[in-house]
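Heads up, data-v1.txt below (compact mmCIF, C-alpha atoms):
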# COMPACT_ATOMS: atom_id res chain seq x y z
CA MET J 28 97.99 84.49 124.53
CA GLU J 29 96.56 87.96 123.86
CA LYS J 30 93.42 89.35 122.20
CA ILE J 31 91.61 92.64 121.56
CA ILE J 32 88.06 93.42 122.67
CA LEU J 33 85.73 96.12 121.35
CA TYR J 34 82.59 97.15 123.23
CA TYR J 35 80.21 99.95 124.18
CA LYS J 36 77.11 100.53 126.24
CA PHE J 37 74.74 103.46 126.31
CA VAL J 38 73.54 103.97 129.87
CA PRO J 39 73.20 107.09 132.06
CA ILE J 40 76.37 107.70 134.10
CA GLU J 41 76.07 110.33 136.81
CA ASP J 42 79.60 110.26 138.26
CA THR J 43 81.78 110.00 135.16
CA VAL J 44 85.01 110.87 136.97
CA THR J 45 84.64 108.00 139.45
CA VAL J 46 83.90 105.56 136.62
CA MET J 47 86.93 106.85 134.71
CA GLN J 48 89.21 106.33 137.71
CA TRP J 49 87.82 102.83 138.30
CA GLN J 50 88.34 101.91 134.65
CA ARG J 51 91.95 103.06 134.69
CA LEU J 52 92.70 101.04 137.84
CA LEU J 53 90.93 97.99 136.43
CA CYS J 54 92.95 98.07 133.22
CA GLU J 55 96.26 98.71 134.95
CA THR J 56 95.60 95.81 137.34
CA HIS J 57 95.12 93.38 134.46
CA GLY J 58 97.83 94.67 132.12
CA LEU J 59 95.51 96.10 129.47
CA ARG J 60 96.16 98.88 126.97
CA GLY J 61 93.81 100.73 124.66
CA ARG J 62 91.23 103.51 124.76
CA ILE J 63 88.16 104.04 126.93
CA ILE J 64 85.78 106.99 126.70
CA VAL J 65 83.32 107.68 129.51
CA SER J 66 80.50 110.20 129.18
CA LYS J 67 77.11 110.91 130.71
CA HIS J 68 75.68 108.76 127.89
CA GLY J 69 77.74 105.63 128.62
CA ILE J 70 81.07 103.94 127.92
CA ASN J 71 83.08 102.91 124.84
CA GLY J 72 86.26 100.86 124.89
CA THR J 73 88.84 99.05 122.78
CA LEU J 74 91.35 97.09 124.86
CA GLY J 75 94.18 94.69 124.17
CA GLY J 76 96.07 92.39 126.50
CA PRO J 77 96.29 88.87 127.96
CA VAL J 78 93.15 86.79 127.48
CA GLU J 79 92.97 86.12 131.22
CA GLY J 80 93.24 89.85 131.91
CA LEU J 81 90.45 90.61 129.44
CA LYS J 82 88.27 87.92 131.00
CA ALA J 83 88.89 89.41 134.45
CA TYR J 84 87.98 92.84 133.08
CA LYS J 85 84.77 91.48 131.58
CA LYS J 86 83.89 89.75 134.87
CA ALA J 87 84.36 93.00 136.80
CA MET J 88 82.19 94.85 134.30
CA ASN J 89 79.42 92.25 134.62
CA LEU J 90 79.40 92.75 138.38
CA HIS J 91 78.69 96.48 137.96
CA PRO J 92 74.94 97.23 137.81
CA LYS J 93 75.34 99.66 134.91
CA PHE J 94 77.65 97.56 132.75
CA LYS J 95 76.06 94.12 132.81
CA LYS J 96 75.42 92.16 129.61
CA ILE J 97 77.68 94.17 127.30
CA MET J 98 78.33 92.48 123.95
CA TYR J 99 82.11 92.19 123.49
CA LYS J 100 83.63 91.70 120.05
CA TRP J 101 86.88 89.71 120.19
CA SER J 102 89.61 89.89 117.54
CA GLU J 103 93.25 89.05 116.95
CA GLY J 104 95.89 91.36 118.43
CA GLY J 105 97.10 92.42 121.84
CA ALA J 106 98.41 95.18 124.11
CA SER J 107 101.28 95.95 121.71
CA ASP J 108 98.75 97.20 119.14
CA PHE J 109 98.17 100.25 121.36
CA PRO J 110 100.83 102.78 122.39
CA ARG J 111 99.42 103.15 125.90
CA LEU J 112 96.30 103.07 128.06
CA SER J 113 94.02 106.11 127.63
CA VAL J 114 90.92 106.55 129.81
CA LYS J 115 89.10 109.90 129.44
CA VAL J 116 85.85 111.66 130.24
CA ARG J 117 84.18 113.36 127.27
CA ASP J 118 80.91 115.18 126.56
CA GLU J 119 80.10 112.53 123.95
CA ILE J 120 81.18 108.93 123.52
CA VAL J 121 81.58 109.73 119.81
CA THR J 122 81.94 113.39 118.86
CA PHE J 123 79.03 114.29 116.57
CA LEU J 124 78.79 117.73 118.24
CA ALA J 125 75.21 116.94 119.21
CA PRO J 126 75.34 115.93 122.88
CA ASP J 127 71.94 117.43 123.67
CA GLU J 128 70.20 115.48 120.89
CA LEU J 129 71.11 112.10 122.36
CA GLU J 130 68.87 110.63 125.05
CA VAL J 131 69.63 107.39 126.89
CA ASN J 132 68.05 105.31 129.62
CA GLN J 133 68.83 101.98 131.28
CA LYS J 134 67.85 100.18 128.05
CA GLY J 135 70.13 102.26 125.82
CA VAL J 136 69.58 104.95 123.21
CA ILE J 137 66.07 106.37 122.98
CA GLY J 138 64.69 106.73 119.45
CA GLY J 139 67.52 105.11 117.50
CA GLY J 140 67.29 102.94 114.39
CA LYS J 141 65.97 99.39 114.62
CA HIS J 142 68.71 96.83 115.33
CA LEU J 143 69.11 94.07 112.75
CA LYS J 144 71.12 90.88 113.26
CA PRO J 145 73.33 90.04 110.24
CA GLU J 146 70.81 87.42 109.11
CA GLN J 147 68.00 89.99 109.33
CA VAL J 148 69.99 92.35 107.11
CA HIS J 149 69.96 89.69 104.39
CA GLU J 150 66.25 89.08 104.94
CA LEU J 151 65.55 92.80 104.50
CA VAL J 152 67.56 92.93 101.26
CA LYS J 153 65.80 89.81 99.98
CA GLU J 154 62.40 91.31 100.78
CA ARG J 155 62.97 94.92 99.67
CA GLY J 156 65.63 94.46 97.01
CA GLU J 157 67.30 97.52 95.51
CA ASP J 158 65.18 99.86 97.63
CA VAL J 159 67.48 99.08 100.59
CA VAL J 160 70.23 101.69 101.00
CA PHE J 161 73.38 100.98 103.01
CA MET J 162 74.74 104.11 104.70
CA ASP J 163 78.35 104.18 105.88
CA GLY J 164 78.49 105.71 109.35
CA ARG J 165 82.27 106.04 109.44
CA ASN J 166 84.85 108.51 108.17
CA ALA J 167 85.07 108.42 104.37
CA TYR J 168 88.68 107.22 104.33
CA GLU J 169 87.69 104.05 106.21
CA ALA J 170 85.36 103.10 103.34
CA LYS J 171 88.24 103.25 100.86
CA ILE J 172 89.41 99.79 101.95
CA GLY J 173 86.08 98.17 102.84
CA LYS J 174 82.34 98.82 102.65
CA PHE J 175 79.00 97.24 101.91
CA LYS J 176 78.37 96.83 98.20
CA ASN J 177 76.80 99.90 96.57
CA ALA J 178 76.79 101.76 99.90
CA VAL J 179 76.31 105.51 100.23
CA VAL J 180 79.55 106.95 101.65
CA PRO J 181 79.08 110.50 103.01
CA ASN J 182 81.98 112.91 102.49
CA THR J 183 83.08 112.91 106.12
CA ARG J 184 86.56 113.47 107.46
CA THR J 185 85.35 113.08 111.06
CA THR J 186 82.01 112.30 112.69
CA ARG J 187 81.61 116.06 113.23
CA ASP J 188 80.82 116.33 109.51
CA PHE J 189 77.70 114.16 109.58
CA LEU J 190 75.27 116.87 110.66
CA GLU J 191 76.14 118.93 107.57
CA GLU J 192 76.11 115.86 105.30
CA LEU J 193 72.58 114.90 106.40
CA GLU J 194 71.27 118.24 105.13
CA LYS J 195 72.56 117.79 101.58
CA PRO J 196 70.00 117.37 98.75
CA GLU J 197 71.22 113.88 97.85
CA MET J 198 70.57 112.73 101.42
CA LYS J 199 67.03 114.10 101.42
CA LYS J 200 66.22 111.77 98.52
CA LEU J 201 66.79 108.82 100.87
CA LYS J 202 64.31 109.87 103.56
CA ASP J 203 61.55 107.57 102.29
CA LYS J 204 63.80 104.54 101.69
CA PRO J 205 64.85 101.78 104.09
CA VAL J 206 68.34 102.85 105.18
CA VAL J 207 70.72 100.44 106.92
CA THR J 208 73.48 102.30 108.75
CA TYR J 209 76.71 100.50 109.57
CA CYS J 210 80.00 101.22 111.34
CA THR J 211 82.86 99.27 112.91
CA GLY J 212 81.30 98.03 116.15
CA GLY J 213 77.91 99.71 116.00
CA ILE J 214 78.40 102.64 118.35
CA ARG J 215 78.53 105.43 115.76
CA CYS J 216 75.32 104.13 114.18
CA GLU J 217 73.50 104.23 117.51
CA ILE J 218 73.93 108.00 117.39
CA LEU J 219 73.78 108.51 113.62
CA SER J 220 70.49 106.63 113.29
CA THR J 221 68.99 108.82 116.03
CA LEU J 222 70.13 112.00 114.28
CA MET J 223 68.71 110.73 111.00
CA LYS J 224 65.30 109.94 112.45
CA LYS J 225 65.13 113.37 114.04
CA ARG J 226 65.79 114.84 110.60
CA GLY J 227 62.95 113.03 108.89
CA PHE J 228 64.42 109.72 107.72
CA LYS J 229 61.41 107.43 108.09
CA GLU J 230 62.85 103.90 108.06
CA VAL J 231 66.29 103.64 109.66
CA TYR J 232 68.10 100.46 110.71
CA GLN J 233 71.49 99.67 112.21
CA ILE J 234 73.49 96.44 112.10
CA ASP J 235 73.63 94.96 115.58
CA GLY J 236 77.32 94.70 116.49
CA GLY J 237 78.36 96.61 113.38
CA ILE J 238 80.70 95.43 110.65
CA ALA J 239 82.66 93.38 113.19
CA LYS J 240 79.65 91.20 114.04
CA TYR J 241 78.56 90.94 110.40
CA GLY J 242 82.07 89.81 109.46
CA GLU J 243 82.04 87.15 112.17
CA THR J 244 78.83 85.77 110.67
CA TYR J 245 79.39 85.94 106.91
CA LYS J 246 83.15 86.48 106.57
CA ASP J 247 83.65 87.51 102.91
CA ASP J 248 80.70 85.56 101.53
CA GLY J 249 78.02 88.19 102.13
CA LEU J 250 77.35 91.80 101.20
CA TRP J 251 80.62 93.18 102.60
CA GLU J 252 83.65 93.75 100.36
CA GLY J 253 87.22 94.56 101.35
CA LYS J 254 88.77 94.90 104.81
CA MET J 255 87.68 96.67 107.98
CA TYR J 256 89.66 99.72 109.10
CA VAL J 257 90.56 99.73 112.81
CA PHE J 258 92.01 102.48 115.00
CA ASP J 259 95.14 100.74 116.26
CA ARG J 260 98.46 99.59 114.90
CA ARG J 261 96.85 96.80 112.89
CA MET J 262 95.15 99.46 110.69
CA ASN J 263 92.88 96.88 109.03
CA VAL J 264 91.29 93.49 109.68
CA ALA J 265 90.41 90.81 107.13
CA PHE J 266 87.50 88.48 107.88
CA SER J 267 88.95 85.58 105.87
CA ASP J 268 91.71 84.72 103.44
CA LYS J 269 89.25 85.59 100.65
CA ALA J 270 89.18 89.27 101.64
CA LYS J 271 89.94 91.55 98.70
CA ASP J 272 91.92 94.77 98.54
CA ILE J 273 89.51 97.36 97.10
CA GLY J 274 91.55 100.48 97.90
CA GLU J 275 93.85 102.03 95.31
CA CYS J 276 97.45 103.13 95.78
CA SER J 277 97.62 106.93 95.52
CA HIS J 278 100.81 106.65 93.44
CA CYS J 279 100.37 103.75 91.02
CA GLY J 280 96.71 102.76 91.35
CA ALA J 281 97.42 99.19 92.45
CA LYS J 282 94.90 97.53 94.74
CA THR J 283 95.87 97.86 98.40
CA SER J 284 94.56 98.21 101.96
CA ASN J 285 97.82 99.67 103.24
CA PHE J 286 97.36 103.03 104.99
CA ILE J 287 100.44 105.09 105.92
CA ASN J 288 100.74 108.52 107.49
CA CYS J 289 101.79 111.24 105.03
CA ALA J 290 105.59 111.59 104.98
CA ASN J 291 105.34 115.37 105.21
CA GLU J 292 106.26 116.13 108.84
CA SER J 293 103.60 118.85 109.14
CA CYS J 294 100.81 116.51 107.97
CA ASN J 295 99.10 113.63 109.75
CA ASP J 296 96.75 112.54 106.96
CA LEU J 297 96.43 108.87 106.10
CA VAL J 298 97.32 107.91 102.54
CA LEU J 299 96.76 104.62 100.72
CA VAL J 300 100.08 103.34 99.37
CA CYS J 301 100.91 99.85 98.15
CA GLU J 302 103.93 98.17 99.71
CA LYS J 303 106.03 98.66 96.59
CA CYS J 304 105.45 102.41 96.43
CA ALA J 305 105.80 102.76 100.19
CA LYS J 306 109.47 101.89 99.80
CA LYS J 307 109.91 104.99 97.64
CA SER J 308 107.51 107.64 98.92
CA HIS J 309 104.20 108.19 100.68
CA TYR J 310 102.52 111.59 100.50
CA CYS J 311 98.88 112.65 100.67
CA GLU J 312 97.07 114.65 97.99
CA LYS J 313 98.03 117.95 99.65
CA HIS J 314 101.72 117.03 99.48
CA SER J 315 101.75 114.97 96.32
CA THR J 316 105.26 115.77 95.04
CA PRO J 317 107.06 112.46 95.56
CA VAL J 318 110.46 112.50 97.16
CA ALA J 319 112.37 109.24 97.16
CA LEU J 320 112.87 107.72 100.61
CA THR J 321 115.27 105.10 99.31
CA LYS J 322 117.87 105.17 96.55

Mind turning the file's structure into structure tokens?
Amino acid sequence: MEKIILYYKFVPIEDTVTVMQWQRLLCETHGLRGRIIVSKHGINGTLGGPVEGLKAYKKAMNLHPKFKKIMYKWSEGGASDFPRLSVKVRDEIVTFLAPDELEVNQKGVIGGGKHLKPEQVHELVKERGEDVVFMDGRNAYEAKIGKFKNAVVPNTRTTRDFLEELEKPEMKKLKDKPVVTYCTGGIRCEILSTLMKKRGFKEVYQIDGGIAKYGETYKDDGLWEGKMYVFDRRMNVAFSDKAKDIGECSHCGAKTSNFINCANESCNDLVLVCEKCAKKSHYCEKHSTPVALTK
């Protein structure tokens, strides 16, 4: 039996190369694939493999003084959902192009948004009503197939775009409102909420454990709609059999959550295409002239 785990921890790491080498050996020993990023700010990983191997990995992490008590999110899948094992050292765990703005200590990020459990998110909405603003902390294309209802979705192609987005006039109007940031597992919001507070947003929150943890708690009976985009071969995850397709096929407009890479060989953009149209063609907006793939 195999599973996938998603995790992160913000903690100062002095010798990132040694940690990277240890992580690679640990994963290879237990037959795990996936991606791990190590930086001076901490560690971020998504791994798939045998349940026993993942448990052994978790045990080894808990024995390390810096990586104790990490919250792991478990989901369906396995090693085959990743092409290989990738363990790298980077300047940032997530590339916002603001490494010097982020400060961490043994307790995590300094000055980030207040963490809310899924139940506390509902309490905040009940108390503050329509004043509460949900802010998507992911790339805009991820929100096409799933998001919190009535959420603000910045026009971001990558996380590098957030700094510019936060300076736009429409964002400045939100600085006095309660803003709940959310992302897949929570890591991007740890950084985004910090950047927002430094730019004058007065009341910033983040969902503890991200969309993944919220989905575990409320499935499709809460404030979330659609499916959650994931960065592996699964492409998306549904929290229950009641999950809706909210994305629209770029060719016929049918509801879908099916992302495919643009068929143009020079392009790597993701395009939403329903299964019916995918049998004929799949091109992004830049290469929209359809060419039949089947007769």

Inset, instruction - Enter the distance from atom CA of J:Lys67 to atom CA of J:Ile40, in Å, rounded to one decimal. - result: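 Taking atom CA of J:Lys67 and atom CA of J:Ile40, their separation equals 4.7 Å.
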
Legend entry - Interatomic distance (Å, one decimal) between atom CA of J:Asp259 and atom CA of J:Gly135: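 For atom CA of J:Asp259 relative to atom CA of J:Gly135, the distance reads 26.8 Å.
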
Inset, instruction - Find the residues around J:Pro145 up to 12 Å (only C-alpha atoms counted), leave out those fewer than 3 positions away in its own chain, and share them as a ChimeraX atom specification. - result: /J:142,148-152,207,209,232-246,249-251

What are the closest atom pairs, with distances in Å to one decimal, for all residues of stretch 54-144 of chain J lying within 12 Å of stretch 160-183 of chain J? Consider only C-alpha atoms, order rows by chain and residue number, and present the result as JSON lines.
{"residue": "J:Val121", "atom": "CA", "partner": "J:Arg165", "partner_atom": "CA", "distance": 11.0}
{"residue": "J:Thr122", "atom": "CA", "partner": "J:Arg165", "partner_atom": "CA", "distance": 12.0}
{"residue": "J:Phe123", "atom": "CA", "partner": "J:Gly164", "partner_atom": "CA", "distance": 11.2}

Legend entry - Option closest in space to J:Gln133, from J:Cys289, J:Val38, J:Leu90, J:Ala106 [counting all atoms listed in the file]: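 Among the listed residues, the smallest separation from J:Gln133 belongs to J:Val38.
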
Legend entry - Coordinates-based distance that separates atom CA of J:Glu275 from atom CA of J:Cys304 (Å, one decimal): 11.7 Å

Legend entry - Who sits within 12 Å of J:Leu190, all atoms listed in the file, same chain under 2 positions skipped, as an MDAnalysis selection string: chainID J and resid 122:125 128 164 181:183 185:188 192:195 198 218:223 225:226

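Distance annotation: of J:Glu312, J:Glu146, J:Glu119, J:Glu230, the residue with the minimal separation from J:Lys204 is J:Glu230; atom set is all atoms listed in the file.
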
Inset, instruction - Find the residues near J:Lys202: any atom within 7 Å, counting only C-alpha atoms, skip ones fewer than 4 places away on the same chain, and give them as a list of chain:residue names. - result: J:Gly227, J:Phe228, J:Lys229

What box, with edges along x, y and z, holds each listed atom of stretch 168-187 of chain J when 4 Å is added on every side, and can you state its centre and edge lengths in Å to one decimal, as lines of an AutoDock Vina configuration file?
center_x = 82.9
center_y = 106.4
center_z = 104.9
size_x = 21.1
size_y = 27.2
size_z = 24.7
